[in-house]
Every structure is written in C-alpha cells, then in structure tokens.
>>> print(open('upload32.cif').read())   # mmCIF, C-alpha atoms and all ligand atoms
data_protein
loop_
_atom_site.label_atom_id
_atom_site.label_comp_id
_atom_site.auth_asym_id
_atom_site.auth_seq_id
_atom_site.Cartn_x
_atom_site.Cartn_y
_atom_site.Cartn_z
CA MET V 20 -28.57 24.26 -15.63
CA ASN V 21 -31.49 24.20 -18.04
CA ILE V 22 -34.52 23.43 -15.87
CA GLY V 23 -38.18 22.77 -16.75
CA ILE V 24 -40.70 23.67 -14.02
CA VAL V 25 -44.24 22.30 -14.18
CA CYS V 26 -46.82 23.80 -11.83
CA TYR V 27 -50.33 25.13 -11.42
CA PRO V 28 -50.21 28.78 -12.46
CA THR V 29 -52.88 29.86 -9.96
CA PHE V 30 -52.77 31.59 -6.56
CA GLY V 31 -52.35 28.23 -4.72
CA GLY V 32 -49.25 27.75 -2.59
CA SER V 33 -47.67 25.14 -4.85
CA GLY V 34 -47.76 27.48 -7.85
CA VAL V 35 -46.36 30.33 -5.76
CA VAL V 36 -43.48 28.19 -4.47
CA ALA V 37 -42.69 26.85 -7.96
CA THR V 38 -42.70 30.33 -9.47
CA GLU V 39 -40.59 31.93 -6.74
CA LEU V 40 -38.14 29.02 -6.99
CA GLY V 41 -37.88 29.51 -10.74
CA LYS V 42 -37.35 33.27 -10.37
CA ALA V 43 -34.60 32.76 -7.79
CA LEU V 44 -32.86 30.08 -9.89
CA ALA V 45 -33.00 32.38 -12.92
CA ALA V 46 -31.42 35.16 -10.86
CA LYS V 47 -28.54 32.78 -10.17
CA GLY V 48 -28.02 32.22 -13.89
CA HIS V 49 -29.96 29.01 -14.53
CA LYS V 50 -32.28 28.87 -17.55
CA ILE V 51 -35.83 28.30 -16.32
CA HIS V 52 -38.66 27.03 -18.50
CA PHE V 53 -42.16 27.22 -16.97
CA ILE V 54 -44.47 24.71 -18.61
CA THR V 55 -48.12 25.18 -17.72
CA TYR V 56 -51.50 26.17 -19.19
CA GLN V 57 -51.39 29.83 -18.18
CA GLN V 58 -48.80 32.43 -17.22
CA PRO V 59 -48.14 31.82 -13.48
CA VAL V 60 -49.62 34.69 -11.43
CA ARG V 61 -46.40 35.34 -9.56
CA LEU V 62 -44.33 35.39 -12.76
CA ASP V 63 -44.22 39.17 -12.62
CA ILE V 64 -40.71 39.83 -13.90
CA PHE V 65 -38.93 39.76 -17.23
CA SER V 66 -35.59 37.97 -17.30
CA GLU V 67 -33.33 36.73 -20.03
CA ASN V 68 -33.26 33.41 -18.17
CA ILE V 69 -37.02 32.83 -17.87
CA PHE V 70 -39.13 31.20 -20.58
CA TYR V 71 -42.80 30.30 -20.63
CA HIS V 72 -44.25 27.43 -22.65
CA GLU V 73 -48.01 27.28 -22.75
CA VAL V 74 -49.78 23.94 -22.72
CA LYS V 75 -52.70 24.33 -25.08
CA VAL V 76 -55.73 22.49 -23.82
CA SER V 77 -57.71 20.83 -26.58
CA ASP V 78 -61.26 22.07 -27.14
CA TYR V 79 -62.40 19.20 -29.36
CA PRO V 80 -66.17 18.89 -28.75
CA LEU V 81 -66.04 15.11 -28.17
CA PHE V 82 -64.20 15.68 -24.91
CA ASP V 83 -66.44 16.53 -22.00
CA TYR V 84 -63.25 16.30 -19.95
CA GLN V 85 -60.13 17.58 -21.66
CA PRO V 86 -57.17 15.15 -21.49
CA TYR V 87 -54.79 17.68 -19.88
CA GLU V 88 -52.28 15.06 -18.82
CA LEU V 89 -51.73 14.01 -22.44
CA VAL V 90 -51.28 17.49 -23.86
CA LEU V 91 -48.95 18.30 -20.99
CA THR V 92 -46.94 15.14 -21.73
CA SER V 93 -46.62 16.09 -25.40
CA LYS V 94 -45.55 19.60 -24.45
CA LEU V 95 -42.93 18.24 -22.06
CA VAL V 96 -41.52 15.99 -24.78
CA ASP V 97 -41.38 18.93 -27.18
CA VAL V 98 -39.78 21.40 -24.73
CA VAL V 99 -37.22 18.91 -23.42
CA LYS V 100 -36.12 18.15 -26.98
CA PHE V 101 -36.19 21.64 -28.43
CA GLU V 102 -34.74 23.49 -25.42
CA LYS V 103 -32.37 20.66 -24.47
CA LEU V 104 -33.49 20.61 -20.84
CA ASP V 105 -31.30 18.92 -18.22
CA ILE V 106 -34.03 18.19 -15.70
CA LEU V 107 -37.75 18.53 -15.01
CA HIS V 108 -39.10 19.65 -11.65
CA VAL V 109 -42.83 19.04 -11.22
CA HIS V 110 -44.79 20.68 -8.42
CA TYR V 111 -47.94 18.96 -7.15
CA ALA V 112 -48.10 15.28 -8.01
CA ILE V 113 -51.48 15.27 -9.78
CA PRO V 114 -51.23 14.95 -12.78
CA HIS V 115 -47.74 16.41 -13.21
CA ALA V 116 -45.74 13.44 -11.91
CA SER V 117 -47.41 10.89 -14.17
CA ALA V 118 -47.14 13.26 -17.17
CA ALA V 119 -43.41 13.64 -16.47
CA TYR V 120 -43.08 9.86 -16.21
CA MET V 121 -44.76 9.38 -19.60
CA ALA V 122 -42.65 12.12 -21.19
CA GLN V 123 -39.50 10.56 -19.75
CA HIS V 124 -40.34 7.22 -21.35
CA ILE V 125 -41.27 8.69 -24.72
CA LEU V 126 -37.94 10.54 -24.73
CA LYS V 127 -36.08 7.43 -23.62
CA SER V 128 -37.39 5.62 -26.72
CA GLU V 129 -35.68 8.36 -28.74
CA GLY V 130 -32.42 8.07 -26.81
CA ILE V 131 -32.92 11.24 -24.71
CA LYS V 132 -32.36 11.15 -20.95
CA ILE V 133 -34.37 13.46 -18.69
CA PRO V 134 -34.59 12.94 -14.92
CA PHE V 135 -37.56 14.40 -13.03
CA ILE V 136 -38.19 15.50 -9.46
CA THR V 137 -41.65 15.50 -7.91
CA THR V 138 -42.34 17.95 -5.10
CA LEU V 139 -45.34 17.04 -2.99
CA HIS V 140 -47.23 20.06 -1.68
CA GLY V 141 -50.10 18.84 0.45
CA THR V 142 -53.53 18.30 -0.96
CA ASP V 143 -52.02 16.15 -3.75
CA ILE V 144 -51.44 13.69 -0.88
CA THR V 145 -53.71 14.55 2.04
CA LEU V 146 -56.99 15.30 0.24
CA VAL V 147 -57.01 14.39 -3.42
CA GLY V 148 -54.14 11.94 -3.86
CA LYS V 149 -55.18 9.36 -1.30
CA ASP V 150 -58.63 9.11 -2.89
CA ALA V 151 -59.00 5.67 -4.49
CA SER V 152 -59.59 7.27 -7.89
CA PHE V 153 -56.02 8.63 -7.91
CA ALA V 154 -54.04 6.49 -5.45
CA PRO V 155 -52.60 3.78 -7.75
CA VAL V 156 -51.33 6.32 -10.30
CA ILE V 157 -49.93 8.65 -7.63
CA THR V 158 -48.17 5.78 -5.85
CA PHE V 159 -46.64 4.65 -9.12
CA ALA V 160 -45.58 8.15 -10.22
CA ILE V 161 -44.01 8.91 -6.81
CA ASN V 162 -42.04 5.67 -6.89
CA GLU V 163 -40.92 6.23 -10.47
CA SER V 164 -39.76 9.84 -9.89
CA ASN V 165 -35.97 10.18 -9.88
CA ALA V 166 -36.29 12.13 -6.64
CA VAL V 167 -39.21 13.09 -4.41
CA THR V 168 -39.34 16.03 -2.05
CA ALA V 169 -41.99 17.07 0.47
CA VAL V 170 -42.44 20.58 1.83
CA SER V 171 -42.54 19.46 5.48
CA GLU V 172 -41.73 16.50 7.69
CA SER V 173 -45.43 16.18 8.41
CA LEU V 174 -46.23 15.81 4.70
CA LYS V 175 -43.47 13.23 4.34
CA GLN V 176 -45.01 11.19 7.17
CA ASP V 177 -48.52 11.54 5.67
CA THR V 178 -47.21 10.30 2.32
CA LEU V 179 -45.53 7.30 3.92
CA LYS V 180 -48.75 6.56 5.82
CA HIS V 181 -51.11 6.74 2.85
CA PHE V 182 -49.02 5.33 0.00
CA LYS V 183 -46.75 2.35 -0.46
CA VAL V 184 -43.71 4.48 -1.16
CA THR V 185 -40.44 2.74 -1.85
CA ARG V 186 -38.49 5.85 -2.81
CA GLU V 187 -36.78 8.12 -0.29
CA ILE V 188 -38.61 11.38 0.38
CA LYS V 189 -36.38 14.36 1.08
CA VAL V 190 -37.84 17.23 3.08
CA ILE V 191 -37.07 20.62 1.55
CA PRO V 192 -39.21 23.23 3.28
CA ASN V 193 -41.00 26.07 1.56
CA PHE V 194 -39.28 29.43 1.61
CA ILE V 195 -39.76 33.16 1.25
CA CYS V 196 -37.60 35.82 -0.38
CA LEU V 197 -37.03 38.01 2.66
CA GLU V 198 -35.75 40.86 0.48
CA GLN V 199 -39.23 41.24 -0.99
CA TYR V 200 -40.46 42.12 2.50
CA ASN V 201 -37.94 44.90 2.89
CA LEU V 202 -40.62 47.43 2.00
CA ASN V 203 -39.42 50.83 1.05
CA GLY V 204 -41.71 53.57 2.14
CA SER V 205 -44.27 53.60 4.83
CA ILE V 206 -47.22 51.29 5.22
CA GLU V 207 -48.79 53.82 7.58
CA SER V 208 -51.10 55.21 4.89
CA LEU V 209 -52.32 51.68 4.14
CA LYS V 210 -52.93 51.07 7.84
CA LYS V 211 -54.90 54.30 8.01
CA CYS V 212 -56.97 53.28 5.01
CA PHE V 213 -57.93 49.91 6.56
CA ALA V 214 -58.22 51.08 10.16
CA PRO V 215 -59.04 54.81 10.25
CA ASN V 216 -59.39 54.83 14.04
CA GLU V 217 -56.14 52.98 14.67
CA GLU V 218 -57.90 49.69 15.32
CA LYS V 219 -55.73 46.57 15.27
CA ILE V 220 -55.87 44.78 11.91
CA LEU V 221 -56.48 41.03 11.65
CA ILE V 222 -55.92 39.36 8.29
CA HIS V 223 -56.62 36.04 6.57
CA VAL V 224 -55.26 35.00 3.16
CA SER V 225 -56.40 31.84 1.39
CA ASN V 226 -58.37 30.37 -1.48
CA PHE V 227 -61.48 30.11 0.74
CA ARG V 228 -61.83 26.37 0.31
CA LYS V 229 -63.51 24.19 2.97
CA VAL V 230 -60.14 22.93 4.25
CA LYS V 231 -59.28 26.51 5.31
CA ARG V 232 -62.28 26.74 7.72
CA VAL V 233 -62.78 30.38 6.83
CA GLN V 234 -65.89 30.62 9.03
CA ASP V 235 -63.59 30.17 12.03
CA VAL V 236 -61.81 33.39 11.06
CA PHE V 237 -65.11 35.20 11.56
CA LYS V 238 -65.93 33.37 14.77
CA VAL V 239 -62.53 34.32 16.22
CA PHE V 240 -62.92 37.89 15.01
CA ASP V 241 -66.39 38.11 16.56
CA ILE V 242 -65.00 37.23 20.00
CA VAL V 243 -62.01 39.58 19.67
CA ARG V 244 -64.00 42.59 18.45
CA LYS V 245 -66.15 42.48 21.58
CA LYS V 246 -63.00 43.13 23.66
CA ILE V 247 -60.85 45.50 21.60
CA PRO V 248 -61.28 47.70 18.51
CA VAL V 249 -60.30 45.63 15.46
CA ARG V 250 -60.76 45.36 11.71
CA LEU V 251 -60.56 42.28 9.49
CA LEU V 252 -59.02 41.96 6.03
CA MET V 253 -60.00 38.96 3.92
CA VAL V 254 -57.62 38.33 1.02
CA GLY V 255 -58.35 35.75 -1.69
CA ASP V 256 -61.44 34.20 -3.11
CA GLY V 257 -63.00 30.78 -3.51
CA PRO V 258 -66.00 28.52 -3.02
CA GLU V 259 -66.75 29.52 0.60
CA ARG V 260 -66.90 33.24 -0.19
CA HIS V 261 -70.71 33.49 -0.30
CA ARG V 262 -71.19 31.48 2.86
CA ILE V 263 -68.79 33.68 4.80
CA GLU V 264 -70.35 36.85 3.46
CA GLU V 265 -73.66 35.57 4.84
CA LEU V 266 -72.01 34.78 8.18
CA CYS V 267 -70.52 38.26 8.24
CA ARG V 268 -74.03 39.72 7.88
CA GLU V 269 -75.51 37.35 10.45
CA LEU V 270 -72.86 38.43 12.95
CA ASP V 271 -73.53 42.04 12.02
CA MET V 272 -69.93 42.94 11.40
CA CYS V 273 -69.69 43.78 7.70
CA HIS V 274 -68.72 47.36 8.58
CA LEU V 275 -65.54 45.98 10.18
CA VAL V 276 -64.58 43.56 7.39
CA LYS V 277 -63.01 44.27 4.01
CA PHE V 278 -62.85 41.65 1.24
CA LEU V 279 -59.86 42.56 -0.90
CA GLY V 280 -60.17 39.74 -3.44
CA LYS V 281 -57.13 38.12 -5.03
CA VAL V 282 -54.09 40.24 -4.27
CA LYS V 283 -50.91 39.51 -6.24
CA ASP V 284 -48.35 41.06 -3.93
CA THR V 285 -49.52 40.40 -0.41
CA GLU V 286 -46.39 41.86 1.26
CA ARG V 287 -47.85 45.32 1.83
CA VAL V 288 -51.24 44.26 3.18
CA LEU V 289 -49.54 41.70 5.43
CA ALA V 290 -47.10 44.29 6.72
CA ALA V 291 -49.96 46.70 7.42
CA SER V 292 -51.68 44.04 9.57
CA ASP V 293 -51.15 43.11 13.22
CA LEU V 294 -52.21 39.48 13.30
CA PHE V 295 -52.70 36.65 10.80
CA ILE V 296 -55.37 33.98 11.37
CA LEU V 297 -54.93 30.49 9.88
CA PRO V 298 -57.63 28.15 11.26
CA SER V 299 -57.11 25.36 8.65
CA GLU V 300 -58.42 21.83 9.03
CA SER V 301 -55.24 20.53 7.41
CA GLU V 302 -52.16 22.24 6.08
CA SER V 303 -48.99 20.56 4.89
CA PHE V 304 -46.91 23.67 5.53
CA GLY V 305 -48.87 26.92 5.64
CA LEU V 306 -46.99 29.16 3.23
CA ALA V 307 -49.47 31.97 3.88
CA ALA V 308 -48.46 31.97 7.56
CA LEU V 309 -44.77 32.10 6.64
CA GLU V 310 -45.42 35.04 4.32
CA ALA V 311 -47.18 36.84 7.17
CA MET V 312 -44.25 36.17 9.49
CA ALA V 313 -41.80 37.51 6.91
CA ALA V 314 -43.88 40.70 6.95
CA LYS V 315 -43.45 40.79 10.77
CA THR V 316 -47.04 39.77 11.41
CA PRO V 317 -47.55 37.14 14.13
CA VAL V 318 -49.82 34.16 13.51
CA ILE V 319 -52.58 32.41 15.40
CA SER V 320 -53.16 29.07 13.77
CA THR V 321 -54.27 25.52 14.28
CA ASN V 322 -51.69 22.90 15.22
CA THR V 323 -52.44 20.62 12.29
CA GLY V 324 -50.06 19.03 9.73
CA GLY V 325 -46.88 21.00 9.06
CA ILE V 326 -47.98 24.26 10.71
CA PRO V 327 -46.03 23.58 13.96
CA GLU V 328 -42.86 23.35 11.83
CA VAL V 329 -43.48 26.96 10.77
CA ASN V 330 -45.34 28.78 13.56
CA LYS V 331 -43.59 28.52 16.94
CA GLU V 332 -45.76 28.61 20.06
CA GLY V 333 -45.12 31.74 22.13
CA VAL V 334 -42.54 33.06 19.65
CA SER V 335 -44.14 33.80 16.28
CA GLY V 336 -47.70 33.28 17.53
CA TYR V 337 -49.83 30.56 19.09
CA LEU V 338 -51.34 27.23 18.00
CA SER V 339 -54.74 25.76 18.91
CA ASN V 340 -56.70 22.62 18.15
CA VAL V 341 -58.74 22.66 14.93
CA GLY V 342 -62.09 24.36 15.59
CA ASP V 343 -61.18 25.77 19.02
CA VAL V 344 -62.15 29.33 18.13
CA GLU V 345 -62.34 30.39 21.79
CA ASP V 346 -58.69 29.44 22.34
CA MET V 347 -57.64 31.17 19.10
CA ALA V 348 -59.48 34.33 20.16
CA GLN V 349 -57.87 34.30 23.62
CA ASN V 350 -54.46 33.89 21.96
CA ALA V 351 -55.20 36.79 19.64
CA LEU V 352 -56.11 38.95 22.63
CA LYS V 353 -52.90 37.93 24.42
CA ILE V 354 -50.78 39.08 21.47
CA LEU V 355 -52.74 42.29 20.94
CA SER V 356 -53.07 43.09 24.65
CA ASP V 357 -50.31 45.73 24.73
CA GLU V 358 -47.81 47.29 22.36
CA ALA V 359 -44.76 45.70 24.00
CA THR V 360 -46.18 42.17 23.63
CA LEU V 361 -47.20 42.81 20.05
CA LYS V 362 -43.72 44.14 19.25
CA ARG V 363 -42.13 41.04 20.83
CA PHE V 364 -44.30 38.75 18.69
CA LYS V 365 -43.63 40.77 15.54
CA GLU V 366 -39.89 40.38 16.09
CA GLY V 367 -40.32 36.69 16.97
CA ALA V 368 -42.30 36.11 13.77
CA TYR V 369 -39.61 37.73 11.66
CA GLU V 370 -36.78 35.83 13.37
CA GLN V 371 -38.61 32.54 12.81
CA ALA V 372 -39.26 33.44 9.13
CA LYS V 373 -35.53 34.02 8.60
CA GLN V 374 -34.92 30.27 8.90
CA PHE V 375 -36.90 29.82 5.69
CA ASP V 376 -35.07 32.41 3.64
CA ILE V 377 -34.66 31.37 0.02
CA HIS V 378 -30.88 31.71 0.25
CA THR V 379 -30.86 28.81 2.71
CA VAL V 380 -33.35 26.63 0.85
CA LEU V 381 -32.38 27.19 -2.80
CA PRO V 382 -28.99 25.40 -2.61
CA GLN V 383 -30.78 22.26 -1.44
CA TYR V 384 -32.71 22.13 -4.73
CA GLU V 385 -29.62 23.00 -6.77
CA GLU V 386 -27.66 20.16 -5.14
CA LEU V 387 -30.46 17.72 -5.86
CA TYR V 388 -30.68 18.80 -9.53
CA GLN V 389 -26.92 18.42 -9.93
CA GLU V 390 -26.93 15.00 -8.31
CA LEU V 391 -29.64 13.69 -10.66
CA ILE V 392 -28.12 15.19 -13.78
CA GLU V 393 -24.79 13.53 -13.00
CA GLN V 394 -26.32 10.11 -12.34
O1 LIG K 1 -53.72 24.94 0.33
C1 LIG K 1 -53.96 25.48 -0.71
O2 LIG K 1 -54.92 26.16 -0.75
C2 LIG K 1 -53.17 25.34 -1.97
C3 LIG K 1 -52.21 24.23 -1.94
C4 LIG K 1 -51.49 24.11 -3.26
O3 LIG K 1 -51.10 23.03 -3.55
O4 LIG K 1 -51.33 25.05 -4.01
O5 LIG K 1 -51.32 24.46 -0.85
C5 LIG K 1 -50.54 23.40 -0.38
O6 LIG K 1 -49.21 23.72 -0.77
C6 LIG K 1 -48.66 24.87 -0.14
C7 LIG K 1 -47.27 25.11 -0.73
O7 LIG K 1 -46.42 24.04 -0.52
C8 LIG K 1 -48.62 24.65 1.37
O8 LIG K 1 -48.07 25.79 2.01
C9 LIG K 1 -50.05 24.44 1.88
O9 LIG K 1 -50.01 24.16 3.26
C10 LIG K 1 -50.68 23.26 1.14
N1 LIG K 1 -52.11 23.19 1.49
C11 LIG K 1 -52.63 22.18 2.22
O10 LIG K 1 -51.97 21.25 2.64
C12 LIG K 1 -54.08 22.29 2.50
#
>>> encode(input="upload32.cif", output="structure tokens")
Amino acid sequence: MNIGIVCYPTFGGSGVVATELGKALAAKGHKIHFITYQQPVRLDIFSENIFYHEVKVSDYPLFDYQPYELVLTSKLVDVVKFEKLDILHVHYAIPHASAAYMAQHILKSEGIKIPFITTLHGTDITLVGKDASFAPVITFAINESNAVTAVSESLKQDTLKHFKVTREIKVIPNFICLEQYNLNGSIESLKKCFAPNEEKILIHVSNFRKVKRVQDVFKVFDIVRKKIPVRLLMVGDGPERHRIEELCRELDMCHLVKFLGKVKDTERVLAASDLFILPSESESFGLAALEAMAAKTPVISTNTGGIPEVNKEGVSGYLSNVGDVEDMAQNALKILSDEATLKRFKEGAYEQAKQFDIHTVLPQYEELYQELIEQ
C-alpha cells in the first residue's frame, strides 16, 4: 500500500508511535510518506520505502499566527495526487483530522478518492480537544473520518464522554518494537557511569509538562533516598524544567540527580535503570512506561486514564492514586527491597510488554487500511 502518515515530528508519544508505525510498515514493503513540518525525530533510518514531505510554514509578516492547517491541507492534496497515495493516516486529531477532511474534499472535487484514518492519542481529547475553542471542529473531524482509532479503551471512553461521536472508535493499542530492546553488549558501563557506588537507578522520561507532575518524581525520590542508596535520571525537557531544578536544590539532592536532556534512543538508559516513575495527572496510554517495561524496567505509576491497561499491579510494577507520593515511594521500596523481588518485577515488566509487540499490533492497522481502501 501507498500510505501517507501525518504526525507531530517531536519527541511526544504520538509522533513516536506514528514514526515507529511507518518504519515497521516500510519494513513490510509498504511505501510510507511522512507529511509534517520537520523530519520526525525517530525517523533515524534510510529505506527505499520511506519518503518525507515537508510542510513549509508560511512566514508572511501579516500572519501573527501561521495558518498551518491550510498549508498542511495543500501539501496533503499535492502529495496524494503526485504520489498516488491509497490512504492517509493522521495521528493526533488537532489539526490533522480537519486538514485531512479538507484535503479529501478538495481531491473529491477533482475525482480523486482518498480515505483517512484518525488516531486519537490523548491530549487531543483529554486536554486540548475538549476545550470549547476546538470542540466543534474536533467533533466534526472525528465523525467525518473514514475510521477512528484510540490508543486505549480509556481514551475511547473519554472521547465518547466528551464529544458527540457517531462513528465507531476502534481501540488499537500503542506498541513497541521488542527487537530494539535486544541490546547487544553490556549496559554495565552505563550503570557504572550513572551509579558509581552501585546505587539503584530511578528514571523518569517525559516532556516535563504540568500534566506529567514531574515534581512528584522528586518527592518520591526524596522519600526513597532516605531509605536506600539511589540515583535519579531525568530524561526529556519542557516547561517545568526550571521549577524542578529549583525543587532539586531545595531538597538538597542535586548531587544524586542527572538531567540528560532529550535522548533519541532511550533503550539503553532505560535498560540501565532499575525503576521507572510515571506520576502523571492524566495519561491516555503511557508509552514511556511501556518502553521502560520493554527494557525490563518495572514501573511505579499513577492509576489514571489508560495506564492500568499497560502497567499491571504486582506484575510489572504498582499503581497509586494521583499525587499519593508516599504510596509511590513505598511501592518503589517494595520493588527495590531485595534482588530477587527486583528480578521478579523486571521479568514481569518484560512479559507484560510482550503483549504490545509491534508484530501483534501492526496487522490490526494493515487490516483497517485494506478495509477502507476496498470500500
Ligand atoms: O503526553 C505527552 O506528553 C505527549 C502526547 C502526544 O500526543 O504526543 O502523548 C499522548 O500520546 C501518547 C502516544 O499515544 C500516549 O502514550 C500518552 O499517554 C498521551 N499523553 C497523555 O494522554 C497525557
């Protein structure tokens, strides 16, 4: 199939999922066309089946706010026509679904048929989408999509709760390429570099936005470090970075914390760690937790949104109420209490991650594409 993928090219989960999906489809022989304003960060391979079409954002001085949706629409029309695409798959509803709808109708007026699928990722529904300034357009674009998927059952239910959706929403969960976690070579030297005295390593990966409650990572860490020797790795960057750096100083623990910034391939740092902390306020799925589990790193998380569909209590980690840092810290201590328990959780995390292997999930997308193309 000749497939157009529209996504945000950044470190966010939706862009990561879209890019990994495209890479895996290309490996199976499909032609994949990424259409976005920048080379996706995870698009780190060259393949005869992968193409990148850049959406050029206008810099005309009249526009205080650039009309991205319009230039994206024009680009979609152009790529569909020139590359003879069979289908468009847009990740994150805002503004990709409405741009795809417009492109579809422009093409229809020229006698060209192009179905499109919208995959809902989370904040396009739970935070941004349900805001009155977006809601009517999002509702319309969801209902006009030829198919809609959500990355978890929880997100599907949230969508049905917040929008008047008449179209069926199919749940296709996020996935990981387990093979990428089959790390050749030892991670011992990395462990040694982060924890020279063999301390246990706690890790958090996110875009440090408010919804991630990054301060809770530090509060949990502060309780844990008073009981056992530990280090903390903070991966990512974002608006809360300065606030948490201040908190780190206030709690007098900067010597135990390392900010690694935006890391492209998180597999190695995750595999070098002993425990992943995800204290999010809301999370439609929690791809970062799944990536940790694939690297055999157990997870302590909140029990919000789609996280319970990923992290299994007592198997791959533990779940607590949002903000209950004491409970999260006690759970961390339980997992780290002895080597046998830690090993059991590491194995449990990996076993749970296996359910989300790309080889299980990919055919669900391929079937859906085929169905829509044949309609
Ligand atoms: O949560 C983020 O920081 C990024 C955001 C995105 O759209 O890129 O992530 C959402 O999509 C991910 C991939 O489907 C999910 O794993 C995340 O749970 C979801 N984030 C939220 O719901 C807050």
>>> residues_around(input="upload32.cif", residues="Ile222 of chain V", least_positions_apart="6", cutoff="8 Å", atoms="all atoms listed in the file", output="JSON, numbers by chain")
{"V": [251, 252, 253, 254, 289, 292, 293, 294, 295, 296]}
>>> write_last_selection(input="upload32.cif", atoms="C-alpha atoms", output="PDB file, in the frame of the given file")
ATOM      1  CA  LEU V 251     -60.560  42.280   9.490  1.00  0.00           C
ATOM      2  CA  LEU V 252     -59.020  41.960   6.030  1.00  0.00           C
ATOM      3  CA  MET V 253     -60.000  38.960   3.920  1.00  0.00           C
ATOM      4  CA  VAL V 254     -57.620  38.330   1.020  1.00  0.00           C
ATOM      5  CA  LEU V 289     -49.540  41.700   5.430  1.00  0.00           C
ATOM      6  CA  SER V 292     -51.680  44.040   9.570  1.00  0.00           C
ATOM      7  CA  ASP V 293     -51.150  43.110  13.220  1.00  0.00           C
ATOM      8  CA  LEU V 294     -52.210  39.480  13.300  1.00  0.00           C
ATOM      9  CA  PHE V 295     -52.700  36.650  10.800  1.00  0.00           C
ATOM     10  CA  ILE V 296     -55.370  33.980  11.370  1.00  0.00           C
TER      11      ILE V 296
END
>>> axis_aligned_box(input="upload32.cif", around="ligand LIG 1 (chain K)", padding_each_side="4 Å", output="AutoDock Vina command-line options")
--center_x -50.7 --center_y 23.7 --center_z -0.4 --size_x 16.5 --size_y 12.9 --size_z 15.3
>>> closest_residue(input="upload32.cif", among="V:Ala166, V:Val99, V:Ile144, V:Met121", to="ligand LIG 1 (chain K)", atoms="all atoms listed in the file")
V:Ile144
>>> residues_near_ligand(input="upload32.cif", ligand="ligand LIG 1 (chain K)", cutoff="8 Å", atoms="only C-alpha atoms and all ligand atoms", output="mmCIF file with C-alpha atoms, in the coordinates of the input")
data_model
loop_
_atom_site.group_PDB
_atom_site.id
_atom_site.type_symbol
_atom_site.label_atom_id
_atom_site.label_comp_id
_atom_site.auth_asym_id
_atom_site.auth_seq_id
_atom_site.Cartn_x
_atom_site.Cartn_y
_atom_site.Cartn_z
ATOM 1 C CA TYR V 27 -50.330 25.130 -11.420
ATOM 2 C CA THR V 29 -52.880 29.860 -9.960
ATOM 3 C CA PHE V 30 -52.770 31.590 -6.560
ATOM 4 C CA GLY V 31 -52.350 28.230 -4.720
ATOM 5 C CA GLY V 32 -49.250 27.750 -2.590
ATOM 6 C CA SER V 33 -47.670 25.140 -4.850
ATOM 7 C CA GLY V 34 -47.760 27.480 -7.850
ATOM 8 C CA VAL V 35 -46.360 30.330 -5.760
ATOM 9 C CA VAL V 36 -43.480 28.190 -4.470
ATOM 10 C CA TYR V 111 -47.940 18.960 -7.150
ATOM 11 C CA LEU V 139 -45.340 17.040 -2.990
ATOM 12 C CA HIS V 140 -47.230 20.060 -1.680
ATOM 13 C CA GLY V 141 -50.100 18.840 0.450
ATOM 14 C CA THR V 142 -53.530 18.300 -0.960
ATOM 15 C CA ASP V 143 -52.020 16.150 -3.750
ATOM 16 C CA THR V 145 -53.710 14.550 2.040
ATOM 17 C CA LEU V 146 -56.990 15.300 0.240
ATOM 18 C CA VAL V 170 -42.440 20.580 1.830
ATOM 19 C CA ASN V 193 -41.000 26.070 1.560
ATOM 20 C CA SER V 225 -56.400 31.840 1.390
ATOM 21 C CA ASN V 226 -58.370 30.370 -1.480
ATOM 22 C CA PHE V 227 -61.480 30.110 0.740
ATOM 23 C CA ARG V 228 -61.830 26.370 0.310
ATOM 24 C CA VAL V 230 -60.140 22.930 4.250
ATOM 25 C CA LYS V 231 -59.280 26.510 5.310
ATOM 26 C CA SER V 299 -57.110 25.360 8.650
ATOM 27 C CA GLU V 300 -58.420 21.830 9.030
ATOM 28 C CA SER V 301 -55.240 20.530 7.410
ATOM 29 C CA GLU V 302 -52.160 22.240 6.080
ATOM 30 C CA SER V 303 -48.990 20.560 4.890
ATOM 31 C CA PHE V 304 -46.910 23.670 5.530
ATOM 32 C CA GLY V 305 -48.870 26.920 5.640
ATOM 33 C CA LEU V 306 -46.990 29.160 3.230
ATOM 34 C CA ALA V 307 -49.470 31.970 3.880
ATOM 35 C CA GLY V 324 -50.060 19.030 9.730
ATOM 36 C CA GLY V 325 -46.880 21.000 9.060
ATOM 37 C CA ILE V 326 -47.980 24.260 10.710
#
>>> closest_residue(input="upload32.cif", among="V:Phe101, V:Phe240, V:Phe135, V:Phe364", to="Ile392 of chain V", atoms="only C-alpha atoms")
V:Phe135
>>> residues_around(input="upload32.cif", residues="Lys94 of chain V", least_positions_apart="5", cutoff="12 Å", atoms="all atoms listed in the file", output="ChimeraX atom specification")
/V:23,25,52-56,71-76,87-89,99-102,115,118-119,121-123,125-126
>>> residues_near_point(input="upload32.cif", point="(-46.3, 40.4, -0.5)", cutoff="8 Å", atoms="all atoms listed in the file", output="NGL selection string")
:V and (199-200 or 283-289 or 310 or 314)
>>> residues_around(input="upload32.cif", residues="Ala372 of chain V", least_positions_apart="2", cutoff="8 Å", atoms="only C-alpha atoms", output="short mmCIF file (atom, residue, chain, number, x, y, z; two decimals) with C-alpha atoms, in the frame of the given file")
data_model
loop_
_atom_site.label_atom_id
_atom_site.label_comp_id
_atom_site.auth_asym_id
_atom_site.auth_seq_id
_atom_site.Cartn_x
_atom_site.Cartn_y
_atom_site.Cartn_z
CA ILE V 195 -39.76 33.16 1.25
CA LEU V 309 -44.77 32.10 6.64
CA GLU V 310 -45.42 35.04 4.32
CA MET V 312 -44.25 36.17 9.49
CA ALA V 313 -41.80 37.51 6.91
CA VAL V 329 -43.48 26.96 10.77
CA ALA V 368 -42.30 36.11 13.77
CA TYR V 369 -39.61 37.73 11.66
CA GLU V 370 -36.78 35.83 13.37
CA GLN V 374 -34.92 30.27 8.90
CA PHE V 375 -36.90 29.82 5.69
CA ASP V 376 -35.07 32.41 3.64
#
>>> closest_residue(input="upload32.cif", among="V:Ala45, V:Leu352, V:Leu381, V:Cys196", to="Val243 of chain V", atoms="only C-alpha atoms")
V:Leu352
>>> residues_around(input="upload32.cif", residues="Ser339 of chain V", least_positions_apart="3", cutoff="9 Å", atoms="all atoms listed in the file", output="MDAnalysis selection string")
chainID V and resid 298 319:323 342:344 346:347 350
>>> residues_near_point(input="upload32.cif", point="(-46.6, 8.3, -5.2)", cutoff="9 Å", atoms="all atoms listed in the file", output="PyMOL selection string")
chain V and resi 112+116+144+148+154-164+167+178+182-186
>>> closest_residue(input="upload32.cif", among="V:Ile69, V:Leu62, V:Leu81, V:Leu266", to="Ala46 of chain V", atoms="all atoms listed in the file")
V:Ile69
>>> residues_around(input="upload32.cif", residues="Ile188 of chain V", least_positions_apart="5", cutoff="7 Å", atoms="all atoms listed in the file", output="list in words")
Val167, Thr168, Ala169 and Lys175 of chain V
>>> closest_residue(input="upload32.cif", among="V:Ile113, V:Ile51, V:Gly280, V:His378", to="Glu198 of chain V", atoms="all atoms listed in the file")
V:His378
>>> closest_residue(input="upload32.cif", among="V:Pro382, V:Pro134, V:Gly333, V:Pro317", to="Lys362 of chain V", atoms="only C-alpha atoms")
V:Pro317
>>> atom_distance(input="upload32.cif", atom1="atom CA of Leu95 of chain V", atom2="atom CA of Ala37 of chain V")
16.5 Å
>>> atom_distance(input="upload32.cif", atom1="atom CA of Lys50 of chain V", atom2="atom CA of Ile64 of chain V")
14.3 Å
>>> atom_distance(input="upload32.cif", atom1="atom CA of Lys103 of chain V", atom2="atom CA of Asn21 of chain V")
7.4 Å
